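This is final36.pdb (PDB, C-alpha atoms, pLDDT in the B column).
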MODEL        1
ATOM      1  CA  MET C   1       3.900  -4.161   6.385  1.00 89.00           C
ATOM      2  CA  ALA C   2       4.152  -1.919   3.331  1.00 92.00           C
ATOM      3  CA  ALA C   3       3.109  -4.782   1.056  1.00 93.00           C
ATOM      4  CA  LEU C   4       0.092  -5.440   3.271  1.00 94.00           C
ATOM      5  CA  PHE C   5      -1.119  -1.858   2.856  1.00 93.00           C
ATOM      6  CA  ILE C   6      -0.700  -1.997  -0.928  1.00 93.00           C
ATOM      7  CA  CYS C   7      -2.524  -5.341  -1.121  1.00 95.00           C
ATOM      8  CA  THR C   8      -5.326  -3.933   1.016  1.00 94.00           C
ATOM      9  CA  LYS C   9      -5.719  -0.999  -1.349  1.00 94.00           C
ATOM     10  CA  PHE C  10      -6.076  -3.187  -4.437  1.00 93.00           C
ATOM     11  CA  MET C  11      -8.297  -5.744  -2.709  1.00 94.00           C
ATOM     12  CA  SER C  12     -10.602  -2.969  -1.489  1.00 92.00           C
ATOM     13  CA  ALA C  13     -10.906  -1.573  -5.001  1.00 90.00           C
ATOM     14  CA  ALA C  14     -11.689  -5.039  -6.347  1.00 89.00           C
ATOM     15  CA  ILE C  15     -14.360  -5.621  -3.697  1.00 90.00           C
ATOM     16  CA  TYR C  16     -15.962  -2.227  -4.309  1.00 86.00           C
ATOM     17  CA  SER C  17     -15.949  -2.877  -8.065  1.00 83.00           C
ATOM     18  CA  SER C  18     -17.524  -6.315  -7.751  1.00 83.00           C
ATOM     19  CA  SER C  19     -21.030  -4.861  -7.646  1.00 82.00           C
ATOM     20  CA  GLU C  20     -20.553  -3.070 -10.993  1.00 79.00           C
ATOM     21  CA  ALA C  21     -22.523  -4.391 -13.973  1.00 79.00           C
ATOM     22  CA  SER C  22     -19.526  -4.124 -16.304  1.00 80.00           C
ATOM     23  CA  TRP C  23     -15.859  -4.208 -15.481  1.00 80.00           C
ATOM     24  CA  SER C  24     -13.056  -2.269 -17.155  1.00 84.00           C
ATOM     25  CA  SER C  25      -9.706  -0.806 -16.280  1.00 86.00           C
ATOM     26  CA  GLY C  26     -11.330   2.617 -16.058  1.00 87.00           C
ATOM     27  CA  THR C  27     -13.795   1.348 -13.470  1.00 87.00           C
ATOM     28  CA  PHE C  28     -10.969  -0.135 -11.427  1.00 88.00           C
ATOM     29  CA  LYS C  29      -8.971   3.107 -11.619  1.00 90.00           C
ATOM     30  CA  ASP C  30     -12.029   5.035 -10.461  1.00 90.00           C
ATOM     31  CA  GLN C  31     -12.379   2.724  -7.464  1.00 90.00           C
ATOM     32  CA  LEU C  32      -8.678   3.136  -6.633  1.00 91.00           C
ATOM     33  CA  HIS C  33      -9.176   6.893  -6.744  1.00 92.00           C
ATOM     34  CA  GLU C  34     -12.195   6.625  -4.422  1.00 91.00           C
ATOM     35  CA  ILE C  35     -10.161   4.710  -1.824  1.00 91.00           C
ATOM     36  CA  GLY C  36      -7.811   7.658  -1.478  1.00 91.00           C
ATOM     37  CA  THR C  37      -4.162   8.034  -0.632  1.00 92.00           C
ATOM     38  CA  THR C  38      -4.158   6.962   3.005  1.00 93.00           C
ATOM     39  CA  LEU C  39      -2.965   3.423   2.274  1.00 93.00           C
ATOM     40  CA  ASN C  40      -0.258   4.753  -0.052  1.00 93.00           C
ATOM     41  CA  ILE C  41       1.015   7.094   2.632  1.00 95.00           C
ATOM     42  CA  LEU C  42       0.971   4.367   5.282  1.00 95.00           C
ATOM     43  CA  SER C  43       2.825   1.955   2.998  1.00 95.00           C
ATOM     44  CA  ILE C  44       5.541   4.516   2.227  1.00 96.00           C
ATOM     45  CA  ILE C  45       5.943   5.365   5.920  1.00 96.00           C
ATOM     46  CA  SER C  46       6.176   1.700   6.903  1.00 96.00           C
ATOM     47  CA  LEU C  47       8.664   1.034   4.101  1.00 96.00           C
ATOM     48  CA  ILE C  48      10.892   3.881   5.280  1.00 97.00           C
ATOM     49  CA  ILE C  49      10.672   2.711   8.891  1.00 97.00           C
ATOM     50  CA  GLY C  50      11.566  -0.826   7.793  1.00 95.00           C
ATOM     51  CA  ILE C  51      14.580   0.317   5.793  1.00 96.00           C
ATOM     52  CA  VAL C  52      15.834   2.491   8.660  1.00 97.00           C
ATOM     53  CA  TYR C  53      15.334  -0.392  11.099  1.00 96.00           C
ATOM     54  CA  LEU C  54      17.324  -2.782   8.889  1.00 95.00           C
ATOM     55  CA  TYR C  55      20.082  -0.221   8.434  1.00 95.00           C
ATOM     56  CA  PHE C  56      20.553   0.323  12.162  1.00 94.00           C
ATOM     57  CA  ALA C  57      20.256  -3.381  12.915  1.00 94.00           C
ATOM     58  CA  GLU C  58      23.051  -4.186  10.458  1.00 92.00           C
ATOM     59  CA  ARG C  59      25.163  -1.261  11.648  1.00 91.00           C
ATOM     60  CA  ASN C  60      24.900  -2.326  15.298  1.00 86.00           C
ATOM     61  CA  LYS C  61      25.782  -5.896  14.377  1.00 81.00           C
ATOM     62  CA  GLN C  62      29.279  -4.848  13.290  1.00 72.00           C
TER      63      GLN C  62
ENDMDL
END

Any chance you could give the structure as structure tokens?
Amino acid sequence: MAALFICTKFMSAAIYSSSEASWSSGTFKDQLHEIGTTLNILSIISLIIGIVYLYFAERNKQ
């Protein structure tokens, strides 16, 4: 799930940048900044939940 959120962030920036006349790394970074931090926060939360889930699943297995 965390990887899906990160991929969505970069794909959104690429789609938003596709209408630009010229493309550069600065343009892409600007688009990433415009998307915001919501997808980063959601990916970190889902990663933590996934790690905790795996930990308890392995602990209960023993």

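Taking CA of Leu4 in chain C and CA of Ser25 in chain C as endpoints, the distance between them is 22.4 Å.
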
Env of Ala14 in chain C: 12 Å cut, atoms = only C-alpha atoms, seq-sep filter 5 positions within chain, self excluded. Answer as a short mmCIF file (atom, residue, chain, number, x, y, z; two decimals) with C-alpha atoms, in the frame of the given file.
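Output file part_33.cif is given in full below:
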data_model
loop_
_atom_site.label_atom_id
_atom_site.label_comp_id
_atom_site.auth_asym_id
_atom_site.auth_seq_id
_atom_site.Cartn_x
_atom_site.Cartn_y
_atom_site.Cartn_z
CA CYS C 7 -2.52 -5.34 -1.12
CA THR C 8 -5.33 -3.93 1.02
CA LYS C 9 -5.72 -1.00 -1.35
CA SER C 19 -21.03 -4.86 -7.65
CA GLU C 20 -20.55 -3.07 -10.99
CA TRP C 23 -15.86 -4.21 -15.48
CA SER C 24 -13.06 -2.27 -17.16
CA SER C 25 -9.71 -0.81 -16.28
CA THR C 27 -13.80 1.35 -13.47
CA PHE C 28 -10.97 -0.14 -11.43
CA LYS C 29 -8.97 3.11 -11.62
CA ASP C 30 -12.03 5.04 -10.46
CA GLN C 31 -12.38 2.72 -7.46
CA LEU C 32 -8.68 3.14 -6.63
CA GLU C 34 -12.20 6.62 -4.42
CA ILE C 35 -10.16 4.71 -1.82
#

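CA of Ser22 in chain C lies 26.0 Å from CA of Leu39 in chain C.
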
Checklist entry - CA of Leu42 in chain C to CA of Ala3 in chain C: how many Å, to one decimal? => result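 These two atoms are separated by 10.3 Å.
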